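**Student:** mmCIF, C-alpha atoms and all ligand atoms, file work_20.cif:
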data_entry
loop_
_atom_site.label_atom_id
_atom_site.label_comp_id
_atom_site.auth_asym_id
_atom_site.auth_seq_id
_atom_site.Cartn_x
_atom_site.Cartn_y
_atom_site.Cartn_z
CA MET L 201 -150.95 19.45 21.65
CA GLU L 202 -152.44 22.83 22.57
CA TRP L 203 -150.12 25.63 21.36
CA PHE L 204 -149.47 27.11 24.82
CA VAL L 205 -148.17 23.82 26.23
CA ARG L 206 -145.20 23.86 23.85
CA ASP L 207 -144.60 27.53 23.05
CA PHE L 208 -144.00 28.66 26.63
CA ASP L 209 -142.20 25.53 27.78
CA HIS L 210 -139.34 25.84 25.34
CA PRO L 211 -135.84 27.24 26.07
CA LEU L 212 -136.13 29.59 23.06
CA TYR L 213 -139.18 31.22 24.67
CA PHE L 214 -136.80 32.94 27.09
CA GLU L 215 -134.83 34.39 24.16
CA ILE L 216 -137.94 35.51 22.27
CA TYR L 217 -139.33 37.27 25.36
CA GLN L 218 -136.00 38.58 26.64
CA CYS L 219 -137.17 42.20 26.29
CA LYS L 220 -139.79 41.54 28.98
CA GLU L 221 -137.01 41.20 31.57
CA ALA L 222 -136.12 44.88 31.26
CA GLU L 223 -139.80 45.90 31.48
CA ALA L 224 -140.47 43.83 34.59
CA ARG L 225 -139.66 46.50 37.16
CA GLU L 226 -141.85 49.22 35.68
CA GLU L 227 -144.72 46.82 34.93
CA GLY L 228 -144.48 45.02 38.26
CA VAL L 229 -144.47 48.14 40.42
CA ALA L 230 -147.41 49.72 38.55
CA LEU L 231 -149.55 46.58 38.32
CA ALA L 232 -148.91 45.56 41.94
CA ALA L 233 -150.08 49.05 42.99
CA MET L 234 -153.20 48.73 40.82
CA LEU L 235 -154.10 45.49 42.59
CA ASP L 236 -154.25 47.74 45.65
CA LEU L 237 -154.63 45.26 48.50
CA PRO L 238 -153.38 45.66 52.08
CA LYS L 239 -149.92 44.43 53.05
CA GLY L 240 -149.97 40.76 54.04
CA SER L 241 -152.68 39.88 51.48
CA LEU L 242 -152.35 36.47 49.85
CA VAL L 243 -151.92 37.04 46.12
CA LEU L 244 -151.91 34.30 43.48
CA ASP L 245 -149.64 35.22 40.55
CA LEU L 246 -151.47 33.34 37.76
CA PRO L 247 -149.61 32.71 35.59
CA CYS L 248 -146.28 33.53 37.18
CA GLY L 249 -144.06 32.54 34.22
CA TRP L 250 -140.41 32.73 35.22
CA GLY L 251 -141.29 35.02 38.13
CA ARG L 252 -140.29 38.34 36.63
CA LEU L 253 -143.10 40.23 38.46
CA ARG L 254 -142.87 38.44 41.81
CA PRO L 255 -140.26 40.82 43.33
CA ALA L 256 -142.62 43.77 42.79
CA LEU L 257 -145.54 41.90 44.37
CA GLU L 258 -143.41 40.95 47.38
CA HIS L 259 -142.00 44.46 47.65
CA ARG L 260 -145.56 45.70 47.99
CA GLY L 261 -145.93 43.45 51.05
CA TYR L 262 -148.08 40.73 49.50
CA ARG L 263 -147.63 37.04 50.33
CA VAL L 264 -147.25 35.47 46.90
CA VAL L 265 -148.01 32.02 45.51
CA GLY L 266 -147.12 31.59 41.84
CA GLY L 267 -148.78 29.12 39.50
CA ASP L 268 -148.01 28.13 35.94
CA LEU L 269 -148.38 25.22 33.52
CA SER L 270 -144.79 25.26 32.26
CA PRO L 271 -142.24 23.18 34.22
CA LEU L 272 -139.43 25.09 32.52
CA ASN L 273 -140.78 28.46 33.67
CA LEU L 274 -141.39 27.15 37.18
CA SER L 275 -137.86 25.80 37.42
CA ARG L 276 -136.31 29.11 36.29
CA HIS L 277 -138.64 30.93 38.70
CA GLN L 278 -137.53 28.73 41.63
CA SER L 279 -133.85 29.38 40.95
CA GLU L 280 -134.13 33.15 40.28
CA SER L 281 -136.99 34.17 42.62
CA PRO L 282 -137.55 31.31 45.07
CA GLY L 283 -140.95 31.05 46.73
CA ALA L 284 -144.21 29.12 46.91
CA LEU L 285 -145.00 27.71 43.46
CA VAL L 286 -147.62 25.34 42.07
CA ARG L 287 -147.84 23.67 38.68
CA LEU L 288 -151.40 24.14 37.42
CA ASP L 289 -153.78 24.59 34.52
CA PHE L 290 -156.10 27.61 34.63
CA ARG L 291 -159.10 25.42 33.84
CA GLN L 292 -158.92 23.48 37.10
CA LEU L 293 -156.87 25.19 39.77
CA PRO L 294 -155.57 22.79 42.45
CA LEU L 295 -156.46 25.34 45.14
CA LYS L 296 -159.21 25.56 47.73
CA SER L 297 -162.16 27.88 47.19
CA GLY L 298 -161.93 31.30 48.81
CA VAL L 299 -158.26 31.05 49.82
CA ALA L 300 -156.90 34.16 48.14
CA ASP L 301 -157.26 37.91 48.61
CA GLY L 302 -156.00 38.63 45.11
CA VAL L 303 -155.37 37.07 41.70
CA PHE L 304 -152.75 38.80 39.57
CA CYS L 305 -152.99 37.93 35.86
CA ALA L 306 -150.45 39.99 33.89
CA PHE L 307 -149.22 40.25 30.29
CA THR L 308 -152.21 39.03 28.23
CA SER L 309 -152.51 35.65 29.92
CA TRP L 310 -156.18 35.13 29.10
CA GLY L 311 -157.76 34.01 25.82
CA TYR L 312 -155.37 31.14 25.16
CA PHE L 313 -158.00 28.41 24.94
CA ALA L 314 -159.73 27.39 21.72
CA SER L 315 -163.25 27.68 23.12
CA GLU L 316 -164.89 30.63 24.79
CA GLU L 317 -166.26 28.23 27.45
CA GLU L 318 -162.71 27.38 28.53
CA ASN L 319 -161.67 31.03 28.56
CA LEU L 320 -164.71 31.79 30.72
CA ARG L 321 -163.80 28.84 32.96
CA GLN L 322 -160.41 30.42 33.63
CA LEU L 323 -162.14 33.51 35.03
CA GLN L 324 -164.61 31.32 36.95
CA GLU L 325 -161.69 29.48 38.53
CA PHE L 326 -160.10 32.82 39.47
CA HIS L 327 -163.42 33.76 41.06
CA ARG L 328 -163.70 30.44 42.91
CA VAL L 329 -160.29 30.73 44.60
CA LEU L 330 -160.88 34.34 45.68
CA ARG L 331 -162.64 35.19 48.92
CA PRO L 332 -165.81 37.27 48.47
CA GLY L 333 -164.59 40.83 47.98
CA GLY L 334 -161.20 39.58 46.74
CA VAL L 335 -159.65 41.31 43.74
CA LEU L 336 -158.60 40.16 40.28
CA LEU L 337 -156.17 42.31 38.29
CA LEU L 338 -156.42 41.35 34.61
CA ASP L 339 -153.86 43.02 32.32
CA LEU L 340 -154.57 42.56 28.60
CA VAL L 341 -153.33 44.04 25.35
CA SER L 342 -155.87 46.45 23.90
CA ARG L 343 -157.72 45.23 20.82
CA SER L 344 -157.70 48.61 19.06
CA TYR L 345 -153.93 48.94 19.58
CA LEU L 346 -153.39 45.51 18.02
CA GLU L 347 -155.74 46.32 15.12
CA GLU L 348 -153.79 49.49 14.39
CA GLY L 349 -150.36 47.83 14.69
CA VAL L 350 -151.19 44.71 12.72
CA SER L 351 -152.89 46.64 9.89
CA ARG L 352 -149.46 47.88 8.71
CA THR L 353 -147.66 44.54 8.74
CA GLU L 354 -150.38 41.89 8.59
CA ASN L 355 -149.21 38.60 7.13
CA ILE L 356 -145.69 39.90 6.38
CA TRP L 357 -142.64 38.07 7.73
CA PHE L 358 -140.10 40.43 9.32
CA ASN L 359 -136.94 40.22 11.43
CA ALA L 360 -137.82 40.97 15.04
CA VAL L 361 -135.44 42.77 17.41
CA GLY L 362 -134.75 39.55 19.31
CA GLY L 363 -133.16 37.96 16.21
CA TYR L 364 -136.11 35.77 15.17
CA ARG L 365 -138.57 35.92 12.24
CA GLU L 366 -142.16 36.89 12.98
CA ARG L 367 -145.49 37.11 11.14
CA VAL L 368 -148.71 38.38 12.73
CA ARG L 369 -152.23 38.03 11.34
CA TRP L 370 -155.84 37.76 12.38
CA SER L 371 -157.73 34.50 12.16
CA PRO L 372 -160.27 34.47 9.27
CA ASP L 373 -163.06 35.54 11.67
CA ARG L 374 -160.77 38.27 13.11
CA ARG L 375 -161.39 37.09 16.67
CA ARG L 376 -157.95 35.62 17.34
CA ILE L 377 -154.44 36.91 16.71
CA LEU L 378 -152.02 34.39 15.23
CA THR L 379 -148.32 35.08 15.78
CA ASP L 380 -145.90 32.80 13.95
CA ARG L 381 -142.23 32.84 14.87
CA ILE L 382 -139.19 31.02 13.59
CA HIS L 383 -136.09 31.00 15.77
CA HIS L 384 -133.05 28.78 15.23
CA GLY L 385 -135.15 26.73 12.81
CA GLU L 386 -137.91 26.05 15.40
CA ARG L 387 -141.46 27.19 14.60
CA PHE L 388 -143.83 28.63 17.19
CA ARG L 389 -147.45 29.73 16.91
CA HIS L 390 -149.33 31.83 19.50
CA ASP L 391 -153.10 31.74 18.93
CA ILE L 392 -154.88 34.13 21.30
CA TRP L 393 -158.52 35.24 21.47
CA ILE L 394 -158.64 39.05 21.51
CA PRO L 395 -162.16 39.87 22.67
CA GLU L 396 -163.90 43.18 22.16
CA ASP L 397 -163.92 45.42 25.26
CA GLN L 398 -167.58 44.63 25.92
CA GLU L 399 -166.88 40.88 25.72
CA VAL L 400 -164.23 41.18 28.43
CA LEU L 401 -166.73 42.97 30.66
CA ASP L 402 -169.43 40.38 29.91
CA CYS L 403 -167.11 37.47 30.74
CA LEU L 404 -165.98 39.09 33.99
CA ASP L 405 -169.61 39.69 34.91
CA ARG L 406 -170.61 36.10 34.09
CA ALA L 407 -167.69 34.77 36.14
CA GLY L 408 -168.92 36.72 39.18
CA PHE L 409 -166.92 39.95 39.14
CA GLU L 410 -167.85 43.60 39.66
CA VAL L 411 -165.55 45.66 37.41
CA GLN L 412 -164.38 49.22 37.81
CA ALA L 413 -163.60 51.39 34.76
CA PRO L 414 -160.53 49.89 33.05
CA TRP L 415 -157.20 51.67 32.82
CA GLY L 416 -155.46 52.03 29.46
CA ASP L 417 -151.85 52.13 30.64
CA LEU L 418 -149.54 51.68 33.60
CA GLU L 419 -149.95 55.35 34.58
CA GLY L 420 -153.64 54.78 35.25
CA HIS L 421 -155.15 56.79 32.39
CA PRO L 422 -158.63 55.66 31.37
CA LEU L 423 -158.93 53.17 28.50
CA ASP L 424 -159.53 54.85 25.14
CA GLY L 425 -159.11 54.03 21.43
CA LYS L 426 -155.36 54.70 21.57
CA SER L 427 -154.53 52.72 24.74
CA GLU L 428 -151.92 49.97 24.41
CA ARG L 429 -153.27 47.93 27.30
CA ARG L 430 -156.57 47.38 29.06
CA ILE L 431 -156.21 46.72 32.75
CA TYR L 432 -159.23 45.57 34.72
CA ARG L 433 -159.55 45.65 38.51
CA ALA L 434 -162.47 43.38 39.34
CA THR L 435 -163.95 42.53 42.73
CA SER L 436 -165.36 39.11 43.46
CA ARG L 437 -169.12 39.04 44.11
CA PRO L 438 -170.27 36.36 46.58
CA THR L 439 -171.97 34.15 43.98
CA PRO L 440 -171.36 34.01 40.23
CA ARG L 441 -174.20 34.59 37.79
CA ALA L 442 -174.99 31.54 35.65
C1 LIG O 501 -147.18 35.68 28.48
S1 LIG O 501 -146.66 34.64 29.80
C2 LIG O 501 -146.97 35.68 31.18
C3 LIG O 501 -146.28 35.26 32.45
C4 LIG O 501 -146.27 36.31 33.57
N1 LIG O 501 -147.63 36.72 33.95
C5 LIG O 501 -145.45 37.51 33.18
O1 LIG O 501 -146.01 38.60 33.04
O2 LIG O 501 -144.24 37.35 33.01
C6 LIG O 501 -147.93 33.42 29.83
C7 LIG O 501 -147.71 32.30 30.82
O3 LIG O 501 -148.93 31.51 30.88
C8 LIG O 501 -148.58 30.17 31.13
N2 LIG O 501 -149.73 29.33 30.70
C9 LIG O 501 -150.13 29.11 29.44
N3 LIG O 501 -151.20 28.34 29.42
C10 LIG O 501 -151.50 28.04 30.70
C11 LIG O 501 -152.51 27.27 31.33
N4 LIG O 501 -153.43 26.62 30.59
N5 LIG O 501 -152.54 27.19 32.66
C12 LIG O 501 -151.59 27.85 33.41
N6 LIG O 501 -150.59 28.59 32.86
C13 LIG O 501 -150.55 28.69 31.53
C14 LIG O 501 -147.34 29.97 30.30
O4 LIG O 501 -146.61 28.82 30.67
C15 LIG O 501 -146.60 31.29 30.49
O5 LIG O 501 -145.68 31.21 31.55
#
Turn this file's structure into structure tokens for me.
Ligand SMILES: C[S@@+](CC[C@H](N)C(=O)[O-])C[C@H]1O[C@@H](n2cnc3c(N)ncnc32)[C@H](O)[C@@H]1O

**Tutor:**
Amino acid sequence: MEWFVRDFDHPLYFEIYQCKEAEAREEGVALAAMLDLPKGSLVLDLPCGWGRLRPALEHRGYRVVGGDLSPLNLSRHQSESPGALVRLDFRQLPLKSGVADGVFCAFTSWGYFASEEENLRQLQEFHRVLRPGGVLLLDLVSRSYLEEGVSRTENIWFNAVGGYRERVRWSPDRRRILTDRIHHGERFRHDIWIPEDQEVLDCLDRAGFEVQAPWGDLEGHPLDGKSERRIYRATSRPTPRA
């Protein structure tokens, strides 16, 4: 089974990521503003998770459709923030081409697949469902921030604030970050491709996007070597390059 099918669709996931509930308001308001589309725009929240950012998108006046692979997340989303929801896999979105004005992809939700072809396909699918001129907001952790943080604790088990054990390390080729967690005796393993900045730009270009200079934080400062995030606002070109 691919790691992301189990890790996110487990009741303990909500405990491990509980801190993200408190951050939702600040993140949601800032990221929804960065998407910067007119009121009434149709925005796909992909992936929507348990819907923590949906209120901010709706508050901004967007019409929102959420999509996610995890039935557990979708069910929590429907009870806490009801709205249009679709169960889907990024690699083949069950949505018509050109339907959306925006795709909102928050909290490092790209790079999950084992092959770079599949990760590119996710962006190509985002491009396919956007109308020409539609906008993708892609919010990723910054690679240099991770490199700095992991260098101090790499491969060491520690007690995380949420009450679980955690160990973070790079894959042998240093292209993926492997996060092991043990909580209530259950083991979890996130395995995420962390591309170089230029690789992100190349993939967005190949998928058919025109990218403006990335931001490095929620305040809109430019990306630099100390930024924690890298946030890309990319506009859909009419036809993707091969
Ligand atoms: C880190 S969470 C982010 C959720 C949301 N964007 C947020 O900020 O709260 C990643 C989400 O991606 C979903 N996911 C993982 N793999 C997926 C796939 N192949 N297709 C669609 N969703 C997927 C998970 O179920 C999970 O809800």

**Student:** Between L:Pro211, L:Gly251, L:Gly240, L:Gly302, single out the one closest to ligand LIG 501 (chain O), counting only C-alpha atoms and all ligand atoms.

**Tutor:** L:Gly251

**Student:** Which residues of chain L come within 7 Å of ligand LIG 501 (chain O), and what is each one's closest atom pair and distance in Å (one decimal), counting only C-alpha atoms and all ligand atoms, sorted by chain and residue number, as CSV?

**Tutor:**
residue,atom,partner,partner_atom,distance
L:Phe204,CA,O:LIG501,N3,5.1
L:Val205,CA,O:LIG501,N3,6.3
L:Phe208,CA,O:LIG501,O4,4.8
L:Asp209,CA,O:LIG501,O4,6.2
L:Leu246,CA,O:LIG501,N1,6.4
L:Pro247,CA,O:LIG501,N1,4.8
L:Cys248,CA,O:LIG501,C4,4.6
L:Gly249,CA,O:LIG501,O5,3.4
L:Trp250,CA,O:LIG501,O2,6.4
L:Gly251,CA,O:LIG501,O2,6.4
L:Arg252,CA,O:LIG501,O2,5.4
L:Leu253,CA,O:LIG501,O2,6.3
L:Gly267,CA,O:LIG501,C12,6.8
L:Asp268,CA,O:LIG501,N6,4.0
L:Leu269,CA,O:LIG501,N6,4.1
L:Ser270,CA,O:LIG501,O4,4.3
L:Asn273,CA,O:LIG501,O5,6.0
L:Leu288,CA,O:LIG501,C12,5.5
L:Asp289,CA,O:LIG501,N5,3.4
L:Phe290,CA,O:LIG501,N5,4.1
L:Arg291,CA,O:LIG501,N4,6.6
L:Cys305,CA,O:LIG501,N1,5.8
L:Ala306,CA,O:LIG501,N1,4.3
L:Phe307,CA,O:LIG501,O1,4.5
L:Thr308,CA,O:LIG501,C1,6.0
L:Ser309,CA,O:LIG501,C6,5.1
L:Tyr312,CA,O:LIG501,N3,6.6

**Student:** Using all atoms of stretch 421-428 of chain L listed in the file and a margin of 6 Å per side, can you give the axis-aligned box centre and edge lengths in Å to one decimal, as AutoDock Vina command-line options?

**Tutor:**
--center_x -155.7 --center_y 53.4 --center_z 26.9 --size_x 19.6 --size_y 18.8 --size_z 23.0

**Student:** Sorted by chain and rising residue number, list the residues of stretch 397-436 of chain L at most 9 Å from stretch 222-230 of chain L (counting only C-alpha atoms), each with its closest atom pair and distance in Å to one decimal, as a Markdown table.

**Tutor:**
| residue | atom | partner | partner_atom | distance |
| --- | --- | --- | --- | --- |
| L:Leu418 | CA | L:Ala230 | CA | 5.7 |
| L:Glu419 | CA | L:Ala230 | CA | 7.3 |
| L:Gly420 | CA | L:Ala230 | CA | 8.7 |

**Student:** Have a look at atom CA of L:Arg433 and atom CA of L:Ser241 and let me know their distance in Å, one decimal.

**Tutor:**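 For atom CA of L:Arg433 relative to atom CA of L:Ser241, the distance reads 15.8 Å.
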
**Student:** Name the closest residue to L:Leu212 among the candidates L:Glu386, L:Asp301, L:Glu325, L:Glu318; distances are taken between atoms, counting all atoms listed in the file.

**Tutor:** L:Glu386

**Student:** Counting all atoms listed in the file, figure out which residue out of L:His390, L:Arg287, L:Arg374, L:His384 gets nearest to L:Ser275.

**Tutor:**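 Closest candidate: L:Arg287.
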
**Student:** Name the closest residue to L:Leu323 among the candidates L:Arg369, L:Arg406, L:Arg387, L:His421; distances are taken between atoms, counting all atoms listed in the file.

**Tutor:**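 Ranked by minimum distance to L:Leu323, first place goes to L:Arg406.
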
**Student:** When you look at L:Ser297 with a cut-off of 7 Å (counting all atoms listed in the file), what residues show up, excluding the ones that are within fewer than 3 positions of it in the same chain? I need them as a list of chain:residue names.

**Tutor:**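 Listed by chain and then number, they are L:Arg328, L:Val329, L:Leu330.
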
**Student:** Do you know which residues are at most 8 Å from L:Arg437 counting all atoms listed in the file, after dropping those on the same chain fewer than 4 positions away, and could you put them as a list in words?

**Tutor:**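 Close residues of L:Arg437: Pro332, Gly333, Gly408, Phe409 and Glu410 of chain L.
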
**Student:** Contacts of L:Gln412 at 10 Å or less, counting only C-alpha atoms, minus same-chain residues fewer than 2 places along, as a PyMOL selection string?

**Tutor:** chain L and resi 401+409-410+414-415+431-435

**Student:** Which residue out of L:Tyr213, L:Trp203, L:Phe304, L:Trp310 has the minimum interatomic distance to L:Pro395 when all atoms listed in the file are used?

**Tutor:**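 Answer, going by the shortest atom-to-atom distance: L:Trp310.
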
**Student:** For L:Gly311, which residue among L:Leu231, L:Val341, L:Glu221, L:Val335 is the nearest when counting only C-alpha atoms?

**Tutor:** L:Val341

**Student:** Would you list the residues near (-135.9, 27.6, 15.4) (no more than 12 Å away, in the coordinates of the file, using all atoms listed in the file) as a ChimeraX atom specification?

**Tutor:** /L:207,210-213,215-216,363-366,380-389

**Student:** Report, in Å to a single decimal, how far apart atom CA of L:Gln278 and atom CA of L:Val303 are.

**Tutor:**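 One can read the atom CA of L:Val303 to atom CA of L:Gln278 distance as 19.7 Å.
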
**Student:** Find the residues around L:Leu244 up to 6 Å (only C-alpha atoms counted), leave out those fewer than 5 positions away in its own chain, and share them as an MDAnalysis selection string.

**Tutor:** chainID L and resid 264:266 303

**Student:** How many Å lie between atom CA of L:Ile394 and atom CA of L:Ser342, rounded to one decimal?

**Tutor:**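 So the two atoms, atom CA of L:Ile394 and atom CA of L:Ser342, lie 8.3 Å apart.
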